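Quick notes on the structure that follows.
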Amino acid sequence: MTLNFADEVLDCLPQISAPKPQRSGTLARLVGLTLETRGLMAPLGACCEVIGRGGHRIEAEVVGFNDKVLFLMPFTEPTGVGPGDIVRVISEIPEVTLGSQLLGRVIDGRGQPLDGKPAPACHDRVSLLGHPLNPMERGPIHKVLDVGIKAINGVLTMGVGQRIGLVAGSGVGKSVLLGMLTRFTKADVVVIGLIGERGREVQAFIQESLGPEGLAKSVVIAAPANVSPVLRLKATQMTHVIAEYFRDQGKSVLMLCDSLTRVAHAQREIGLAIGEPPTAKGYPPSVFALLPNLIERGGVGRHGHGAITSVYTVLAEGDDASDPIVDIARASLDGQVMLSRKLADAAHYPAIELNGSISRIMQTLLSPEELKLSNKLRRLWSLYQQNVDLISVGAYERGSNREVDEAIHLHDAMASFLQQDMNTSQDYASTRDQLRQLLGAV
């Protein structure tokens with residue numbers, strides 16, 4: 001056999017083998033929320049264990065690196081660890097174990113039970129980051145989702161597989177409306193992520209909003225505000241991957257995430273801790289990359305096989321509708337439901353403000369007659385709000401504008417239609433009938 005010139009040159013070169021990954025290193029530094037370790041090779045997202053001198057152990061996740069230095073963020077307080085402590089890799093790929101045994105359970109971001117019961121005996125291992133769907137393989141949104149709330153069924157009609165945001169300031173009723181959606185929406189499985197909220201609200205939401213019947217078909221993933229930002233992000237990813245798991249079984253899944261703003265806060269803490277530059281309101285660029293990726297994990301599955309209807313609560317800090325997180329949610333979602341502090345102060349519940357609220361899928365779900373009725377109620381409600389000051393002081397003269405006259409005449413009936421007791425459901429068909437009667441349509 002003869003060798004050509006290239007083969008001879010290659011034979012003369014020294015054979016270099018790829019370095020084997022180092023499975024352990026030493027803790028070198030603690031800065032703020034991050035641990036720095038040297039002598040360890042691990043990819044982003046890898047789970048590591050820090051072993052203190054007295055046998056104290058904490059888990060941490062690789063969140064960044066700089067040359068040969070890895071940045072880790074611990075899942076718990078790093079009390080008890082010090083320089084020179086051993087750091088070893090537990091797992092390089094973030095995976096979770098899922099199964100139908102999760103139904104009726106309350107777990108944390110690592111899949112550990114929070115309800116005092118044994119760990120769920122699940123067997124299907126999947127990647128925590130999920131698998132992105134080809135947009136050309138997604139099925140269309142063509143079926144109305146009955147959420148049991150008149151204002152949404154009648155005027156902001158949602159579809160199975162739609163992604164929508166509940167946008168409001170603090171204390172305006174987002175959690176109550178979320179509870180109503182949980183109990184009243186017709187879905188096979190409900191996946192609820194309580195991310196970054198007060199710990200007290202976790203138990204209150206489960207006992208008061210869900211109840212035993214609602215919990216039986218639900219999975220609750222809780223990561224309160226006092227846990228590590230890494231665990232809050234893992235709980236968010238867990239919420240989405242569980243919803244994807246049941247969707248891929250052909251089920252209709254309702255996924256509720258409370259709240260998208262707290263998810264952004266968690267990513268902001270991590271990004272700033274590893275040196276990302278702050279941008280709008282201190283949010284680093286990674287926040288604006290993370291949120292659309294999360295939102296795109298919802299929707300209808302491949303060729304209409306199962307669907308995830310996603311509802312995200314978005315906190316408008318200081319009631320600022322131009323908050324950067326509100327902006328990116330509004331641009332990425334299929335619609336938003338705006339909640340009004342003014343309506344809440346007037347005991348108008350749910351405090352849904354039609355001005356600014358929209359369902360971008362609505363026109364494809366309703367017949368022309370149904371869409372015309374919904375738009376008419378929106379227009380009359382908006383006209384009344386625009387002229388309320390003139391009407392209140394008696395400066396408006398009847399007969400000046402026919403539509404404003406109609407808005408004044410129907411205002412009380414419209415307000416009654418848009419209000420609903422938190423414990424009372426009204427189905428989609430009866431809501432449409434009531435809307436026809438209200439607007440005088442046959």
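Residues in the structure tokens are numbered from 1 in each chain, the chains being A, B, ... in the order shown, and ligands are numbered from 1 in the order shown.
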
Worksheet item: Near segment 200-212 of chain A, counting only C-alpha atoms, which residues have an atom at most 9 Å away, once you skip same-chain residues fewer than 2 positions from it, shown as an MDAnalysis selection string?
Response: chainID A and resid 104 175:176 178:180 182:183 194 197:198 214:216 218 220 222:224

Discussion item. For Asp188 of chain A, find every residue with an atom within 7 Å (counting only C-alpha atoms), except residues of its own chain fewer than 6 positions away, and show them as number ranges by chain.
Written reply: A: 251-253

Export of the given selection (all heavy atoms) as a PDB file, in the first residue's frame:
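The new file out_9.pdb reads:
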ATOM      1  N   LYS A 251     -53.047  15.020  25.489  1.00  0.00           N
ATOM      2  CA  LYS A 251     -53.980  15.647  26.431  1.00  0.00           C
ATOM      3  C   LYS A 251     -54.053  17.158  26.212  1.00  0.00           C
ATOM      4  O   LYS A 251     -53.117  17.787  25.711  1.00  0.00           O
ATOM      5  CB  LYS A 251     -53.556  15.355  27.870  1.00  0.00           C
ATOM      6  CG  LYS A 251     -53.575  13.873  28.235  1.00  0.00           C
ATOM      7  CD  LYS A 251     -53.202  13.661  29.680  1.00  0.00           C
ATOM      8  CE  LYS A 251     -53.134  12.180  30.027  1.00  0.00           C
ATOM      9  NZ  LYS A 251     -54.448  11.518  29.889  1.00  0.00           N
ATOM     10  N   SER A 252     -55.198  17.714  26.618  1.00  0.00           N
ATOM     11  CA  SER A 252     -55.360  19.164  26.635  1.00  0.00           C
ATOM     12  C   SER A 252     -54.880  19.663  27.994  1.00  0.00           C
ATOM     13  O   SER A 252     -55.456  19.322  29.026  1.00  0.00           O
ATOM     14  CB  SER A 252     -56.828  19.554  26.421  1.00  0.00           C
ATOM     15  OG  SER A 252     -57.004  20.950  26.574  1.00  0.00           O
ATOM     16  N   VAL A 253     -53.805  20.450  27.998  1.00  0.00           N
ATOM     17  CA  VAL A 253     -53.146  20.874  29.230  1.00  0.00           C
ATOM     18  C   VAL A 253     -53.353  22.369  29.432  1.00  0.00           C
ATOM     19  O   VAL A 253     -53.172  23.161  28.501  1.00  0.00           O
ATOM     20  CB  VAL A 253     -51.635  20.568  29.184  1.00  0.00           C
ATOM     21  CG1 VAL A 253     -50.955  20.992  30.479  1.00  0.00           C
ATOM     22  CG2 VAL A 253     -51.402  19.087  28.917  1.00  0.00           C
TER      23      VAL A 253
END

Could you give me, as an mmCIF file with C-alpha atoms, in the first residue's frame, the residues within 9 Å of Ser100 of chain A, counting only C-alpha atoms and dropping anything in the same chain fewer than 3 positions from it?
data_model
loop_
_atom_site.group_PDB
_atom_site.id
_atom_site.type_symbol
_atom_site.label_atom_id
_atom_site.label_comp_id
_atom_site.auth_asym_id
_atom_site.auth_seq_id
_atom_site.Cartn_x
_atom_site.Cartn_y
_atom_site.Cartn_z
ATOM 1 C CA LEU A 103 -50.981 14.204 39.280
ATOM 2 C CA CYS A 122 -41.954 8.071 37.958
ATOM 3 C CA PHE A 246 -48.765 15.458 29.122
#

List as JSON lines every residue of segment 131-230 of chain A that is in contact with segment 335-356 of chain A, defined as an atom at most 10 Å from one of its atoms (using only C-alpha atoms), together with the nearest atom pair and the distance in Å rounded to one decimal, sorted by chain and then rising number.
{"residue": "A:Ile149", "atom": "CA", "partner": "A:Pro350", "partner_atom": "CA", "distance": 9.0}
{"residue": "A:Lys150", "atom": "CA", "partner": "A:Pro350", "partner_atom": "CA", "distance": 9.8}
{"residue": "A:Ala151", "atom": "CA", "partner": "A:Ile352", "partner_atom": "CA", "distance": 7.5}
{"residue": "A:Ile152", "atom": "CA", "partner": "A:Val337", "partner_atom": "CA", "distance": 8.5}
{"residue": "A:Val155", "atom": "CA", "partner": "A:Leu354", "partner_atom": "CA", "distance": 8.2}
{"residue": "A:Leu156", "atom": "CA", "partner": "A:Val337", "partner_atom": "CA", "distance": 8.0}
{"residue": "A:Met158", "atom": "CA", "partner": "A:Gly335", "partner_atom": "CA", "distance": 9.0}
{"residue": "A:Gln162", "atom": "CA", "partner": "A:Gly335", "partner_atom": "CA", "distance": 8.4}
{"residue": "A:Arg163", "atom": "CA", "partner": "A:Gly335", "partner_atom": "CA", "distance": 7.0}
{"residue": "A:Ile164", "atom": "CA", "partner": "A:Gly335", "partner_atom": "CA", "distance": 5.0}
{"residue": "A:Gly165", "atom": "CA", "partner": "A:Gln336", "partner_atom": "CA", "distance": 4.6}
{"residue": "A:Leu166", "atom": "CA", "partner": "A:Val337", "partner_atom": "CA", "distance": 4.9}
{"residue": "A:Val167", "atom": "CA", "partner": "A:Met338", "partner_atom": "CA", "distance": 4.9}
{"residue": "A:Ala168", "atom": "CA", "partner": "A:Leu339", "partner_atom": "CA", "distance": 5.0}
{"residue": "A:Gly169", "atom": "CA", "partner": "A:Arg341", "partner_atom": "CA", "distance": 7.5}
{"residue": "A:Ser170", "atom": "CA", "partner": "A:Arg341", "partner_atom": "CA", "distance": 8.9}
{"residue": "A:Gly171", "atom": "CA", "partner": "A:Arg341", "partner_atom": "CA", "distance": 8.2}
{"residue": "A:Val172", "atom": "CA", "partner": "A:Arg341", "partner_atom": "CA", "distance": 5.6}
{"residue": "A:Gly173", "atom": "CA", "partner": "A:Pro350", "partner_atom": "CA", "distance": 7.0}
{"residue": "A:Lys174", "atom": "CA", "partner": "A:Leu339", "partner_atom": "CA", "distance": 7.7}
{"residue": "A:Val176", "atom": "CA", "partner": "A:Pro350", "partner_atom": "CA", "distance": 8.2}
{"residue": "A:Leu177", "atom": "CA", "partner": "A:Pro350", "partner_atom": "CA", "distance": 6.6}
{"residue": "A:Met180", "atom": "CA", "partner": "A:Pro350", "partner_atom": "CA", "distance": 9.6}

Item to complete: Tell me which protein, DNA and RNA residues are within 9 Å of Leu294 of chain A, counting only C-alpha atoms, leaving out same-chain ones fewer than 4 positions away, and put them as a list in words.
Response: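 Within the cut-off, the hits are Thr236, Gln237, His240, Leu290 and Gly298 of chain A.
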
Give me the residues within 6 Å of Leu380 of chain A as a PDB file with C-alpha atoms, in the first residue's frame, counting only C-alpha atoms and dropping any in the same chain fewer than 3 places off.
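Output contents, as saved in part.pdb:
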ATOM      1  CA  LEU A 377     -69.818  45.328  23.728  1.00  0.00           C
ATOM      2  CA  LEU A 383     -67.202  54.819  24.710  1.00  0.00           C
ATOM      3  CA  ALA A 407     -73.565  52.975  26.076  1.00  0.00           C
TER       4      ALA A 407
END

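Going from atom CA of Lys234 of chain A over to atom CA of Ile93 of chain A, you cover 13.1 Å.
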
Item to complete: Quick one: everything within 8 Å of Val81 of chain A, counting only C-alpha atoms, minus sequence neighbours fewer than 5 positions away in the same chain. Send it as number ranges by chain.
Response: A: 50-53, 56

Put those residues in a file: N, CA and C atoms, as a PDB file, in the first residue's frame.
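Listed below is the output, again_6.pdb:
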ATOM      1  N   VAL A  50     -20.713  20.462  46.446  1.00  0.00           N
ATOM      2  CA  VAL A  50     -19.592  21.023  47.196  1.00  0.00           C
ATOM      3  C   VAL A  50     -19.531  20.294  48.537  1.00  0.00           C
ATOM      4  N   ILE A  51     -18.363  19.714  48.839  1.00  0.00           N
ATOM      5  CA  ILE A  51     -18.202  18.926  50.066  1.00  0.00           C
ATOM      6  C   ILE A  51     -17.318  19.716  51.026  1.00  0.00           C
ATOM      7  N   GLY A  52     -17.923  20.167  52.131  1.00  0.00           N
ATOM      8  CA  GLY A  52     -17.184  20.939  53.121  1.00  0.00           C
ATOM      9  C   GLY A  52     -16.286  20.070  53.979  1.00  0.00           C
ATOM     10  N   ARG A  53     -15.465  20.726  54.787  1.00  0.00           N
ATOM     11  CA  ARG A  53     -14.495  19.992  55.604  1.00  0.00           C
ATOM     12  C   ARG A  53     -15.158  19.078  56.631  1.00  0.00           C
ATOM     13  N   HIS A  56     -20.147  18.637  55.403  1.00  0.00           N
ATOM     14  CA  HIS A  56     -21.315  19.404  54.969  1.00  0.00           C
ATOM     15  C   HIS A  56     -21.360  19.463  53.444  1.00  0.00           C
TER      16      HIS A  56
END

Practice prompt. Would you list, as a VMD selection string, the residues of segment 142-388 of chain A that end up in helix (DSSP H, G or I) under DSSP run on this structure's backbone?
Written response: chain A and resid 150 to 155 174 to 184 199 to 216 229 to 247 260 to 273 280 to 282 285 to 295 317 to 319 324 to 332 341 to 345 362 to 365 368 to 388

Item to complete: Once DSSP has gone over the backbone, tell me which residues of segment 252-428 of chain A are in strand (DSSP E), as a PyMOL selection string.
Response: chain A and resi 252-258+299-300+307-315+335-339+352-359

Would you list the contacts of Thr261 of chain A as a PDB file with N, CA, C and O atoms, in the first residue's frame, taking every protein, DNA or RNA residue within 8 Å and counting only C-alpha atoms, but skipping same-chain residues closer than 4 positions in sequence?
ATOM      1  N   HIS A 265     -37.032  38.139  37.349  1.00  0.00           N
ATOM      2  CA  HIS A 265     -36.223  38.573  38.484  1.00  0.00           C
ATOM      3  C   HIS A 265     -35.156  37.532  38.823  1.00  0.00           C
ATOM      4  O   HIS A 265     -34.004  37.882  39.132  1.00  0.00           O
ATOM      5  N   THR A 313     -49.063  35.137  34.579  1.00  0.00           N
ATOM      6  CA  THR A 313     -49.335  36.409  35.230  1.00  0.00           C
ATOM      7  C   THR A 313     -48.097  37.284  35.071  1.00  0.00           C
ATOM      8  O   THR A 313     -46.960  36.818  35.150  1.00  0.00           O
ATOM      9  N   VAL A 314     -48.331  38.572  34.812  1.00  0.00           N
ATOM     10  CA  VAL A 314     -47.247  39.531  34.598  1.00  0.00           C
ATOM     11  C   VAL A 314     -47.487  40.711  35.526  1.00  0.00           C
ATOM     12  O   VAL A 314     -48.542  41.355  35.455  1.00  0.00           O
ATOM     13  N   LEU A 315     -46.542  40.976  36.400  1.00  0.00           N
ATOM     14  CA  LEU A 315     -46.669  42.064  37.360  1.00  0.00           C
ATOM     15  C   LEU A 315     -46.206  43.361  36.715  1.00  0.00           C
ATOM     16  O   LEU A 315     -45.033  43.506  36.365  1.00  0.00           O
ATOM     17  N   ILE A 325     -40.811  44.007  31.080  1.00  0.00           N
ATOM     18  CA  ILE A 325     -41.307  42.628  31.091  1.00  0.00           C
ATOM     19  C   ILE A 325     -42.722  42.577  30.524  1.00  0.00           C
ATOM     20  O   ILE A 325     -43.092  41.635  29.803  1.00  0.00           O
TER      21      ILE A 325
END

Discussion item. Just to confirm, what's the straight-line distance from atom CA of Leu233 of chain A to atom CA of Leu260 of chain A in Å (one decimal)?
Written reply: 10.6 Å
